[in-house]
file structure.cif (mmCIF, C-alpha atoms)
data_structure
#
loop_
_atom_site.label_atom_id
_atom_site.label_comp_id
_atom_site.auth_asym_id
_atom_site.auth_seq_id
_atom_site.Cartn_x
_atom_site.Cartn_y
_atom_site.Cartn_z
CA MET K 366 -30.77 5.87 78.00
CA THR K 367 -27.57 4.23 76.81
CA PHE K 368 -28.01 0.99 74.89
CA PRO K 369 -28.23 -1.79 75.87
CA PRO K 370 -30.70 -1.11 78.71
CA ILE K 371 -28.77 -3.11 81.29
CA ARG K 372 -29.55 -2.68 85.00
CA GLU K 373 -27.87 0.53 86.14
CA GLU K 374 -25.91 -1.16 88.94
CA LEU K 375 -24.35 -3.47 86.33
CA ARG K 376 -23.43 -0.81 83.78
CA GLY K 377 -19.70 -0.63 83.13
CA LEU K 378 -18.80 -3.64 85.25
CA GLU K 379 -16.32 -6.21 84.01
CA PRO K 380 -17.29 -9.90 84.14
CA TYR K 381 -15.53 -12.19 86.60
CA GLY K 382 -12.74 -14.34 85.25
CA ALA K 383 -9.07 -15.13 85.52
CA PRO K 384 -6.92 -14.47 82.44
CA GLN K 385 -6.97 -17.37 79.98
CA LEU K 386 -3.60 -17.19 78.27
CA ASP K 387 -1.72 -19.79 76.28
CA VAL K 388 1.51 -20.08 78.26
CA PRO K 389 3.68 -23.11 79.10
CA VAL K 390 3.02 -23.02 82.88
CA GLN K 391 -0.54 -22.18 83.96
CA LEU K 392 -0.75 -21.79 87.74
CA ASN K 393 -3.58 -19.28 88.13
CA THR K 394 -6.90 -21.13 88.51
CA ASN K 395 -6.19 -23.82 91.12
CA GLU K 396 -6.83 -26.78 88.84
CA ASN K 397 -5.47 -30.25 89.45
CA PRO K 398 -2.60 -30.45 86.94
CA TYR K 399 -2.96 -34.22 86.52
CA GLY K 400 -5.59 -35.24 83.99
CA PRO K 401 -7.64 -38.44 83.88
CA SER K 402 -6.15 -41.72 82.75
CA PRO K 403 -7.02 -43.30 79.39
CA ALA K 404 -9.20 -45.82 81.27
CA CYS K 405 -11.17 -43.03 82.93
CA VAL K 406 -11.51 -41.16 79.63
CA ALA K 407 -12.78 -44.34 77.97
CA ASP K 408 -15.34 -44.91 80.74
CA ILE K 409 -16.56 -41.32 80.40
CA ALA K 410 -16.80 -41.68 76.62
CA THR K 411 -18.86 -44.86 76.97
CA ALA K 412 -21.14 -43.25 79.55
CA VAL K 413 -21.67 -40.16 77.38
CA ALA K 414 -22.37 -42.31 74.32
CA HIS K 415 -25.04 -44.17 76.28
CA ALA K 416 -26.54 -40.87 77.45
CA ALA K 417 -26.48 -39.56 73.88
CA SER K 418 -28.81 -42.34 72.77
CA GLY K 419 -31.50 -40.79 74.96
CA LEU K 420 -30.93 -37.11 74.26
CA HIS K 421 -34.41 -36.80 72.75
CA ARG K 422 -35.71 -37.11 76.33
CA TYR K 423 -35.15 -34.73 79.23
CA PRO K 424 -32.67 -35.88 81.89
CA ASP K 425 -33.63 -36.94 85.40
CA ARG K 426 -34.28 -33.54 86.94
CA GLU K 427 -33.75 -35.02 90.41
CA HIS K 428 -30.41 -36.61 89.35
CA VAL K 429 -31.10 -39.39 91.85
CA GLU K 430 -28.33 -41.74 90.73
CA LEU K 431 -25.78 -38.95 90.86
CA ARG K 432 -26.94 -37.74 94.29
CA THR K 433 -26.67 -41.30 95.57
CA ALA K 434 -23.10 -41.61 94.31
CA LEU K 435 -22.14 -38.21 95.73
CA ALA K 436 -23.66 -39.13 99.11
CA ALA K 437 -21.57 -42.30 99.19
CA TYR K 438 -18.45 -40.29 98.38
CA LEU K 439 -19.14 -37.67 101.07
CA SER K 440 -19.93 -40.30 103.68
CA ALA K 441 -16.24 -41.15 103.87
CA ASP K 442 -15.62 -37.71 105.42
CA THR K 443 -18.04 -38.01 108.33
CA PRO K 444 -18.84 -40.75 110.86
CA HIS K 445 -22.54 -39.88 110.52
CA GLY K 446 -22.81 -40.63 106.81
CA VAL K 447 -24.67 -38.59 104.19
CA THR K 448 -27.92 -39.66 102.51
CA PRO K 449 -29.01 -38.85 98.94
CA GLU K 450 -31.84 -36.73 100.38
CA GLN K 451 -29.20 -34.43 101.85
CA VAL K 452 -27.40 -33.88 98.54
CA TRP K 453 -28.01 -31.43 95.72
CA ALA K 454 -25.87 -30.83 92.61
CA ALA K 455 -25.63 -28.15 89.94
CA ASN K 456 -23.38 -26.81 87.20
CA GLY K 457 -20.35 -26.02 89.33
CA SER K 458 -20.38 -24.80 92.90
CA ASN K 459 -21.00 -21.34 91.42
CA GLU K 460 -24.52 -22.40 90.45
CA VAL K 461 -24.98 -24.10 93.82
CA MET K 462 -24.11 -20.81 95.55
CA LEU K 463 -26.34 -18.77 93.27
CA GLN K 464 -29.26 -21.13 93.95
CA LEU K 465 -28.68 -20.76 97.69
CA LEU K 466 -28.81 -16.96 97.36
CA GLN K 467 -31.91 -17.21 95.17
CA ALA K 468 -33.65 -19.36 97.77
CA PHE K 469 -32.46 -17.74 100.99
CA GLY K 470 -31.34 -14.23 99.98
CA GLY K 471 -33.20 -11.55 98.07
CA PRO K 472 -34.59 -8.06 98.71
CA GLY K 473 -34.73 -7.18 102.40
CA ARG K 474 -32.20 -9.90 103.26
CA ALA K 475 -28.44 -9.86 103.74
CA ALA K 476 -25.49 -12.13 102.95
CA LEU K 477 -22.24 -11.89 104.89
CA SER K 478 -18.64 -13.02 104.60
CA PHE K 479 -15.19 -11.96 105.78
CA ALA K 480 -12.63 -10.41 103.42
CA PRO K 481 -10.33 -11.29 101.86
CA THR K 482 -12.37 -14.13 100.44
CA TYR K 483 -13.80 -15.48 97.17
CA SER K 484 -14.57 -12.50 94.96
CA MET K 485 -17.71 -14.07 93.48
CA TYR K 486 -19.61 -13.98 96.79
CA PRO K 487 -20.62 -10.31 96.56
CA GLU K 488 -21.58 -10.90 92.93
CA TYR K 489 -23.99 -13.66 93.94
CA ALA K 490 -25.51 -11.20 96.39
CA ARG K 491 -25.69 -8.43 93.79
CA ASP K 492 -27.32 -10.67 91.21
CA THR K 493 -30.04 -11.74 93.67
CA HIS K 494 -30.64 -8.24 95.11
CA THR K 495 -29.29 -9.38 98.47
CA ARG K 496 -27.62 -6.77 100.66
CA TRP K 497 -23.91 -7.54 101.00
CA VAL K 498 -22.19 -7.27 104.39
CA GLN K 499 -18.42 -7.60 104.50
CA GLY K 500 -16.56 -8.35 107.69
CA HIS K 501 -12.78 -8.54 107.79
CA ARG K 502 -10.18 -11.12 108.68
CA ALA K 503 -7.21 -10.63 110.97
CA ASP K 504 -3.71 -9.95 109.64
CA ASP K 505 -3.04 -13.71 109.56
CA PHE K 506 -6.33 -14.18 107.63
CA SER K 507 -8.02 -15.98 110.52
CA ILE K 508 -11.50 -15.00 111.74
CA ASP K 509 -11.94 -13.38 115.15
CA LEU K 510 -14.89 -15.44 116.37
CA ASP K 511 -16.04 -12.90 118.96
CA ALA K 512 -16.08 -10.14 116.37
CA ALA K 513 -17.74 -12.44 113.82
CA VAL K 514 -20.52 -13.38 116.21
CA ALA K 515 -21.07 -9.72 117.08
CA LEU K 516 -21.34 -8.81 113.39
CA ILE K 517 -23.79 -11.64 112.75
CA GLU K 518 -25.92 -10.60 115.71
CA ALA K 519 -25.91 -6.97 114.52
CA GLU K 520 -26.70 -7.65 110.85
CA ARG K 521 -28.87 -10.80 111.15
CA PRO K 522 -27.85 -12.14 107.71
CA SER K 523 -29.93 -14.84 106.07
CA VAL K 524 -26.81 -16.32 104.42
CA VAL K 525 -23.26 -16.48 105.81
CA LEU K 526 -20.59 -17.69 103.37
CA LEU K 527 -17.41 -19.14 104.85
CA PRO K 528 -14.95 -20.97 102.62
CA SER K 529 -12.72 -23.53 104.32
CA PRO K 530 -10.02 -23.54 103.07
CA ASN K 531 -10.51 -19.87 102.20
CA ASN K 532 -9.82 -18.60 98.71
CA PRO K 533 -7.46 -16.79 98.07
CA THR K 534 -5.64 -17.28 101.38
CA GLY K 535 -5.87 -21.06 101.89
CA THR K 536 -6.88 -20.60 105.54
CA ALA K 537 -8.97 -23.40 107.08
CA LEU K 538 -11.62 -22.80 109.73
CA PRO K 539 -10.88 -24.32 113.13
CA PRO K 540 -13.49 -26.97 114.06
CA GLU K 541 -15.02 -24.89 116.86
CA ALA K 542 -15.68 -21.98 114.49
CA VAL K 543 -18.32 -23.75 112.42
CA GLY K 544 -20.45 -24.76 115.38
CA ARG K 545 -20.22 -21.39 117.06
CA LEU K 546 -21.06 -19.44 113.92
CA ALA K 547 -23.90 -21.79 112.97
CA THR K 548 -25.38 -21.17 116.43
CA ALA K 549 -24.96 -17.41 116.00
CA VAL K 550 -26.73 -17.46 112.63
CA GLY K 551 -29.63 -19.41 114.12
CA GLU K 552 -32.60 -20.68 112.17
CA GLN K 553 -33.36 -17.31 110.59
CA GLY K 554 -30.48 -18.03 108.20
CA ILE K 555 -28.04 -20.60 106.85
CA LEU K 556 -24.28 -20.98 107.31
CA VAL K 557 -22.59 -22.14 104.10
CA VAL K 558 -19.15 -23.70 104.53
CA ASP K 559 -17.60 -23.75 101.07
CA GLU K 560 -15.23 -26.72 100.92
CA ALA K 561 -14.24 -26.35 97.27
CA TYR K 562 -10.68 -27.17 98.33
CA GLY K 563 -11.66 -29.51 101.16
CA GLU K 564 -9.84 -32.55 99.84
CA PHE K 565 -6.52 -30.68 100.10
CA ARG K 566 -6.83 -29.90 103.82
CA ARG K 567 -4.03 -31.11 106.07
CA ALA K 568 -4.31 -34.28 108.14
CA GLY K 569 -6.34 -33.76 111.29
CA VAL K 570 -8.44 -30.90 109.89
CA PRO K 571 -12.04 -32.22 109.92
CA SER K 572 -14.71 -31.49 107.36
CA ALA K 573 -17.72 -29.44 108.37
CA LEU K 574 -19.76 -32.44 107.20
CA GLU K 575 -19.24 -33.89 110.66
CA LEU K 576 -21.42 -31.14 112.16
CA LEU K 577 -24.45 -31.56 109.88
CA PRO K 578 -26.45 -33.58 112.45
CA GLU K 579 -25.97 -30.84 115.06
CA HIS K 580 -26.91 -27.81 112.94
CA ARG K 581 -29.76 -28.04 110.48
CA ASN K 582 -28.92 -24.55 109.17
CA LEU K 583 -25.48 -25.77 108.03
CA VAL K 584 -24.71 -26.27 104.32
CA VAL K 585 -21.43 -27.80 103.12
CA THR K 586 -20.56 -27.29 99.46
CA ARG K 587 -18.01 -29.15 97.34
CA THR K 588 -16.89 -29.25 93.72
CA MET K 589 -15.37 -31.71 91.28
CA SER K 590 -13.35 -28.88 89.68
CA LYS K 591 -10.36 -28.94 92.00
CA ALA K 592 -9.01 -32.09 93.66
CA PHE K 593 -11.23 -34.27 91.45
CA ALA K 594 -9.39 -33.11 88.32
CA ALA K 595 -12.68 -32.33 86.56
CA ALA K 596 -12.73 -28.56 86.13
CA GLY K 597 -14.11 -28.95 82.61
CA LEU K 598 -17.04 -31.01 83.89
CA ARG K 599 -18.62 -28.12 85.86
CA LEU K 600 -20.17 -30.12 88.69
CA GLY K 601 -20.68 -28.70 92.16
CA TYR K 602 -22.77 -30.10 94.99
CA LEU K 603 -23.82 -29.63 98.59
CA ALA K 604 -24.85 -31.58 101.64
CA ALA K 605 -27.47 -30.15 104.00
CA ASP K 606 -30.72 -30.82 105.76
CA PRO K 607 -33.25 -32.21 103.22
CA ALA K 608 -35.47 -29.17 103.85
CA ILE K 609 -32.72 -26.94 102.42
CA CYS K 610 -32.52 -29.13 99.31
CA ASP K 611 -36.30 -28.84 98.96
CA ALA K 612 -36.03 -25.05 99.10
CA ILE K 613 -33.47 -25.07 96.28
CA ARG K 614 -35.82 -27.11 94.14
CA VAL K 615 -38.18 -24.12 94.09
CA VAL K 616 -35.60 -21.88 92.36
CA ARG K 617 -33.64 -24.33 90.21
CA LEU K 618 -34.17 -24.16 86.48
CA PRO K 619 -35.98 -27.12 84.89
CA TYR K 620 -33.64 -30.01 84.07
CA HIS K 621 -30.65 -27.90 85.07
CA LEU K 622 -28.19 -30.82 84.95
CA SER K 623 -27.89 -32.28 81.47
CA ALA K 624 -27.87 -36.02 80.86
CA VAL K 625 -24.30 -35.69 79.57
CA THR K 626 -23.17 -33.90 82.74
CA GLN K 627 -24.79 -36.51 84.95
CA ALA K 628 -23.26 -39.39 82.98
CA THR K 629 -19.80 -37.80 83.03
CA ALA K 630 -19.93 -37.09 86.75
CA LEU K 631 -21.02 -40.64 87.55
CA ALA K 632 -18.18 -42.06 85.46
CA ALA K 633 -15.69 -39.74 87.17
CA LEU K 634 -16.93 -40.85 90.59
CA ARG K 635 -16.30 -44.46 89.60
CA HIS K 636 -12.65 -43.42 89.14
CA ALA K 637 -12.44 -41.34 92.33
CA PRO K 638 -9.36 -43.12 93.77
CA GLU K 639 -7.43 -42.46 90.57
CA LEU K 640 -8.58 -38.86 90.08
CA LEU K 641 -7.76 -38.04 93.70
CA GLY K 642 -4.56 -40.07 93.59
CA LYS K 643 -2.25 -37.08 93.29
CA VAL K 644 -3.75 -35.11 96.19
CA ASP K 645 -1.06 -36.23 98.67
CA GLU K 646 1.64 -35.32 96.17
CA LEU K 647 0.09 -31.89 95.61
CA ARG K 648 -0.13 -31.33 99.38
CA ALA K 649 3.58 -32.13 99.70
CA GLU K 650 4.40 -29.82 96.79
CA ARG K 651 2.30 -27.08 98.42
CA ASP K 652 4.16 -27.38 101.71
CA ALA K 653 7.51 -27.36 99.91
CA THR K 654 6.49 -24.27 97.95
CA VAL K 655 5.38 -22.44 101.10
CA ALA K 656 8.69 -23.30 102.80
CA TRP K 657 10.72 -22.18 99.76
CA LEU K 658 8.91 -18.84 99.55
CA ARG K 659 9.41 -18.20 103.26
CA GLU K 660 13.10 -19.05 103.01
CA ARG K 661 13.36 -16.16 100.56
CA GLY K 662 11.93 -13.72 103.08
CA LEU K 663 8.42 -13.57 101.63
CA GLN K 664 5.23 -13.66 103.64
CA VAL K 665 3.09 -16.73 102.90
CA ALA K 666 -0.34 -17.51 104.30
CA ASP K 667 -0.76 -20.93 105.92
CA SER K 668 -2.55 -23.04 103.31
CA ASP K 669 -4.81 -26.07 103.45
CA ALA K 670 -5.60 -25.70 99.74
CA ASN K 671 -3.75 -26.37 96.49
CA PHE K 672 -2.36 -22.85 96.25
CA ALA K 673 -0.23 -20.40 98.19
CA LEU K 674 -0.83 -16.68 98.73
CA PHE K 675 2.47 -14.84 99.01
CA GLY K 676 3.89 -11.33 99.08
CA THR K 677 4.13 -8.59 99.69
CA PHE K 678 5.31 -6.55 96.72
CA PRO K 679 5.24 -2.77 96.19
CA ASP K 680 4.18 -3.45 92.59
CA ARG K 681 2.64 -6.91 92.39
CA HIS K 682 1.57 -6.41 88.78
CA ALA K 683 5.19 -5.95 87.75
CA VAL K 684 6.05 -9.25 89.43
CA TRP K 685 3.05 -10.94 87.80
CA GLN K 686 4.08 -9.57 84.39
CA GLY K 687 7.70 -10.62 84.92
CA LEU K 688 6.58 -14.19 85.56
CA LEU K 689 4.27 -14.11 82.55
CA ASP K 690 7.13 -12.88 80.35
CA ARG K 691 8.93 -16.06 81.43
CA GLY K 692 6.00 -18.29 80.54
CA VAL K 693 4.53 -18.66 84.05
CA LEU K 694 0.97 -17.49 84.70
CA ILE K 695 -0.13 -16.94 88.29
CA ARG K 696 -2.96 -14.81 89.76
CA GLU K 697 -3.21 -11.22 90.92
CA VAL K 698 -5.82 -11.66 93.63
CA GLY K 699 -6.35 -10.93 97.30
CA PRO K 700 -5.10 -7.94 99.28
CA ASP K 701 -2.87 -5.36 97.63
CA GLY K 702 0.69 -6.57 97.29
CA TRP K 703 -0.12 -10.28 97.35
CA LEU K 704 -0.04 -12.91 94.59
CA ARG K 705 -1.43 -16.45 94.45
CA VAL K 706 0.22 -19.44 92.82
CA SER K 707 -1.61 -22.70 92.17
CA ILE K 708 0.29 -25.88 92.90
CA GLY K 709 1.23 -27.69 89.72
CA THR K 710 3.46 -30.58 88.82
CA ALA K 711 7.01 -30.74 90.18
CA ASP K 712 8.34 -29.47 86.83
CA GLU K 713 5.85 -26.60 86.78
CA MET K 714 6.77 -25.56 90.31
CA GLN K 715 10.46 -25.67 89.40
CA ALA K 716 9.69 -23.33 86.49
CA PHE K 717 7.83 -21.04 88.88
CA ARG K 718 10.72 -20.95 91.34
CA LYS K 719 13.24 -20.22 88.58
CA ALA K 720 11.08 -17.43 87.12
CA LEU K 721 10.36 -15.83 90.50
CA THR K 722 14.04 -15.88 91.40
CA GLU K 723 14.84 -14.08 88.15
CA VAL K 724 12.12 -11.49 88.73
CA VAL K 725 12.63 -10.63 92.42
CA GLY K 726 15.96 -12.21 93.30
#

call {"tool": "encode", "arguments": {"input": "structure.cif", "output": "structure tokens"}}
result
Amino acid sequence: MTFPPIREELRGLEPYGAPQLDVPVQLNTNENPYGPSPACVADIATAVAHAASGLHRYPDREHVELRTALAAYLSADTPHGVTPEQVWAANGSNEVMLQLLQAFGGPGRAALSFAPTYSMYPEYARDTHTRWVQGHRADDFSIDLDAAVALIEAERPSVVLLPSPNNPTGTALPPEAVGRLATAVGEQGILVVDEAYGEFRRAGVPSALELLPEHRNLVVTRTMSKAFAAAGLRLGYLAADPAICDAIRVVRLPYHLSAVTQATALAALRHAPELLGKVDELRAERDATVAWLRERGLQVADSDANFALFGTFPDRHAVWQGLLDRGVLIREVGPDGWLRVSIGTADEMQAFRKALTEVVG
């Protein structure tokens, strides 16, 4: 046997991750380009210092104060409100998703999504020995609901993962899709609507949070890594029926959220209006970027996120490299021939436009 004795299905695989390169314009990981204010930084520093005085004790493993603050924040997106008992948090939405697969997936069970979509989903399934079922999206990256329901009924997955807006395409689910698919999944499984980019959705596009009272198998996940300008914090969370949160408690690691993480997240939530203050500006920059790309004859997916998927190119890597040579880093992701650009500051987007014009004309 070849050393190390890693699981055979993992041998030779490359770990997930976007390139981390030191370039002037970084537009490849969908971060909010506007950092926290000095007042927010000071509040976080004070909160962390207070938490540090108690680091000889384990943190609150139920993170009650944080769940209460997150519930209050989410309640603004639904007329029904969200209670702390409906909220769970972990180290990024990646850990939230993995915990969901640990609790509801596993041997003899299946997880399902529709490609192109977030490339980590099949890895969550692989890591939990959950059979992966991949449906496909239409040419415009929408989901054919009749076909989706038929696939769900045929495969009977225990977990269905649907990002809205979708990554890497930016496509949002229409409101009727969530209810219909949750009904199709039934109570033998859960429907996870991943709203990592939910704060960037266009006006009039509702959050799936509104449907929580109607579907107890519905889970809505969020993150503080994107619109909240806290990618370095690593804090993801969900809202669901309290019974789903109880199931996650069975698989979560002891004290999985450090006292420092909890303190930082609470301080960031106190500054939510400021941290989210550039969302409207980023939406406008997104729409302007989509229009500019289309004016140049490129295909661009409709986006409700803080990025745009555009193409198509016979050799997308050559385009990606040409931009990188000019100090602009974007992402090679999605279907062949397509590229994804995160929405940055106005100056960063001007640099992107200049570089792309030089590379492709």

call {"tool": "residues_around", "arguments": {"input": "structure.cif", "residues": "segment 698-704 of chain K", "least_positions_apart": "6", "cutoff": "10 Å", "atoms": "all atoms listed in the file", "output": "list of chain:residue names"}}
result
K:Ala383, K:Asn393, K:Ala480, K:Pro481, K:Thr482, K:Tyr483, K:Ser484, K:Asn532, K:Pro533, K:Thr534, K:Gln664, K:Val665, K:Ala673, K:Leu674, K:Phe675, K:Gly676, K:Thr677, K:Phe678, K:Pro679, K:Asp680, K:Arg681, K:His682, K:Val684, K:Trp685

call {"tool": "atom_distance", "arguments": {"input": "structure.cif", "atom1": "atom CA of Gln451 of chain K", "atom2": "atom CA of Thr495 of chain K"}}
result
25.3 Å

call {"tool": "closest_residue", "arguments": {"input": "structure.cif", "among": "K:Leu583, K:Ala711, K:Val452, K:Val524", "to": "Ala434 of chain K", "atoms": "all atoms listed in the file"}}
result
K:Val452

call {"tool": "closest_atom_pairs", "arguments": {"input": "structure.cif", "of": "segment 438-547 of chain K", "to": "segment 562-571 of chain K", "cutoff": "12 Å", "atoms": "all atoms listed in the file", "output": "JSON lines"}}
result
{"residue": "K:Tyr438", "atom": "CA", "partner": "K:Glu564", "partner_atom": "CA", "distance": 11.7}
{"residue": "K:Leu439", "atom": "CA", "partner": "K:Glu564", "partner_atom": "CA", "distance": 10.7}
{"residue": "K:Ala441", "atom": "CA", "partner": "K:Glu564", "partner_atom": "CA", "distance": 11.5}
{"residue": "K:Asp442", "atom": "CA", "partner": "K:Pro571", "partner_atom": "CA", "distance": 8.0}
{"residue": "K:Thr443", "atom": "CA", "partner": "K:Pro571", "partner_atom": "CA", "distance": 8.5}
{"residue": "K:Pro444", "atom": "CA", "partner": "K:Pro571", "partner_atom": "CA", "distance": 10.9}
{"residue": "K:Ser458", "atom": "CA", "partner": "K:Tyr562", "partner_atom": "CA", "distance": 11.4}
{"residue": "K:Pro528", "atom": "CA", "partner": "K:Tyr562", "partner_atom": "CA", "distance": 8.7}
{"residue": "K:Ser529", "atom": "CA", "partner": "K:Gly563", "partner_atom": "CA", "distance": 6.8}
{"residue": "K:Pro530", "atom": "CA", "partner": "K:Tyr562", "partner_atom": "CA", "distance": 6.0}
{"residue": "K:Asn531", "atom": "CA", "partner": "K:Tyr562", "partner_atom": "CA", "distance": 8.3}
{"residue": "K:Asn532", "atom": "CA", "partner": "K:Tyr562", "partner_atom": "CA", "distance": 8.6}
{"residue": "K:Pro533", "atom": "CA", "partner": "K:Tyr562", "partner_atom": "CA", "distance": 10.9}
{"residue": "K:Thr534", "atom": "CA", "partner": "K:Tyr562", "partner_atom": "CA", "distance": 11.5}
{"residue": "K:Gly535", "atom": "CA", "partner": "K:Tyr562", "partner_atom": "CA", "distance": 8.6}
{"residue": "K:Thr536", "atom": "CA", "partner": "K:Arg566", "partner_atom": "CA", "distance": 9.5}
{"residue": "K:Ala537", "atom": "CA", "partner": "K:Arg566", "partner_atom": "CA", "distance": 7.6}
{"residue": "K:Leu538", "atom": "CA", "partner": "K:Val570", "partner_atom": "CA", "distance": 8.7}
{"residue": "K:Pro539", "atom": "CA", "partner": "K:Val570", "partner_atom": "CA", "distance": 7.7}
{"residue": "K:Pro540", "atom": "CA", "partner": "K:Pro571", "partner_atom": "CA", "distance": 6.8}
{"residue": "K:Glu541", "atom": "CA", "partner": "K:Pro571", "partner_atom": "CA", "distance": 10.5}
{"residue": "K:Ala542", "atom": "CA", "partner": "K:Pro571", "partner_atom": "CA", "distance": 11.8}
{"residue": "K:Val543", "atom": "CA", "partner": "K:Pro571", "partner_atom": "CA", "distance": 10.8}

call {"tool": "resolve_selection", "arguments": {"input": "structure.cif", "expression": "the PyMOL selection byres ((chain K and resi 464) around 10)", "output": "list of chain:residue names"}}
result
K:Ala455, K:Ser458, K:Asn459, K:Glu460, K:Val461, K:Met462, K:Leu463, K:Leu465, K:Leu466, K:Gln467, K:Ala468, K:Phe469, K:Gly470, K:Tyr489, K:Thr493, K:Ala612, K:Ile613, K:Arg614, K:Val615, K:Val616, K:Arg617, K:Leu618

call {"tool": "decode", "arguments": {"input": "structure.cif", "residues": "segment 660-712 of chain K", "atoms": "C-alpha atoms", "output": "short mmCIF file (atom, residue, chain, number, x, y, z; two decimals), in the first residue's frame"}}
result
data_model
loop_
_atom_site.label_atom_id
_atom_site.label_comp_id
_atom_site.auth_asym_id
_atom_site.auth_seq_id
_atom_site.Cartn_x
_atom_site.Cartn_y
_atom_site.Cartn_z
CA GLU K 660 -22.56 45.24 -24.82
CA ARG K 661 -19.32 43.57 -25.89
CA GLY K 662 -21.18 40.56 -27.25
CA LEU K 663 -20.46 38.22 -24.35
CA GLN K 664 -22.98 35.91 -22.74
CA VAL K 665 -23.68 36.77 -19.10
CA ALA K 666 -25.90 34.87 -16.69
CA ASP K 667 -28.56 36.90 -14.89
CA SER K 668 -27.15 37.49 -11.40
CA ASP K 669 -28.68 38.15 -8.00
CA ALA K 670 -25.28 37.74 -6.35
CA ASN K 671 -22.11 39.82 -6.09
CA PHE K 672 -20.50 38.23 -9.13
CA ALA K 673 -21.11 37.69 -12.83
CA LEU K 674 -20.56 34.52 -14.86
CA PHE K 675 -19.59 35.39 -18.42
CA GLY K 676 -18.27 33.79 -21.59
CA THR K 677 -17.92 31.90 -23.65
CA PHE K 678 -14.29 31.53 -24.67
CA PRO K 679 -12.61 28.79 -26.73
CA ASP K 680 -9.70 28.94 -24.28
CA ARG K 681 -10.90 30.43 -21.01
CA HIS K 682 -7.60 29.72 -19.28
CA ALA K 683 -5.80 31.95 -21.76
CA VAL K 684 -8.23 34.76 -20.95
CA TRP K 685 -7.83 34.13 -17.21
CA GLN K 686 -4.04 34.19 -17.57
CA GLY K 687 -4.16 37.35 -19.68
CA LEU K 688 -6.10 39.13 -16.94
CA LEU K 689 -3.73 37.82 -14.28
CA ASP K 690 -0.74 39.09 -16.27
CA ARG K 691 -2.39 42.51 -16.00
CA GLY K 692 -2.85 42.25 -12.24
CA VAL K 693 -6.51 41.15 -12.23
CA LEU K 694 -7.43 37.81 -10.65
CA ILE K 695 -10.81 36.28 -11.48
CA ARG K 696 -12.05 32.66 -11.30
CA GLU K 697 -12.04 29.75 -13.72
CA VAL K 698 -15.20 28.02 -12.57
CA GLY K 699 -18.48 26.75 -13.94
CA PRO K 700 -19.13 25.20 -17.36
CA ASP K 701 -16.36 25.02 -19.92
CA GLY K 702 -15.72 28.35 -21.59
CA TRP K 703 -17.11 30.49 -18.77
CA LEU K 704 -15.37 32.75 -16.24
CA ARG K 705 -16.63 34.39 -13.05
CA VAL K 706 -15.74 37.86 -11.83
CA SER K 707 -16.52 39.06 -8.31
CA ILE K 708 -17.84 42.59 -7.98
CA GLY K 709 -15.27 44.87 -6.41
CA THR K 710 -14.92 48.59 -5.91
CA ALA K 711 -15.54 50.96 -8.81
CA ASP K 712 -11.77 51.30 -9.34
#
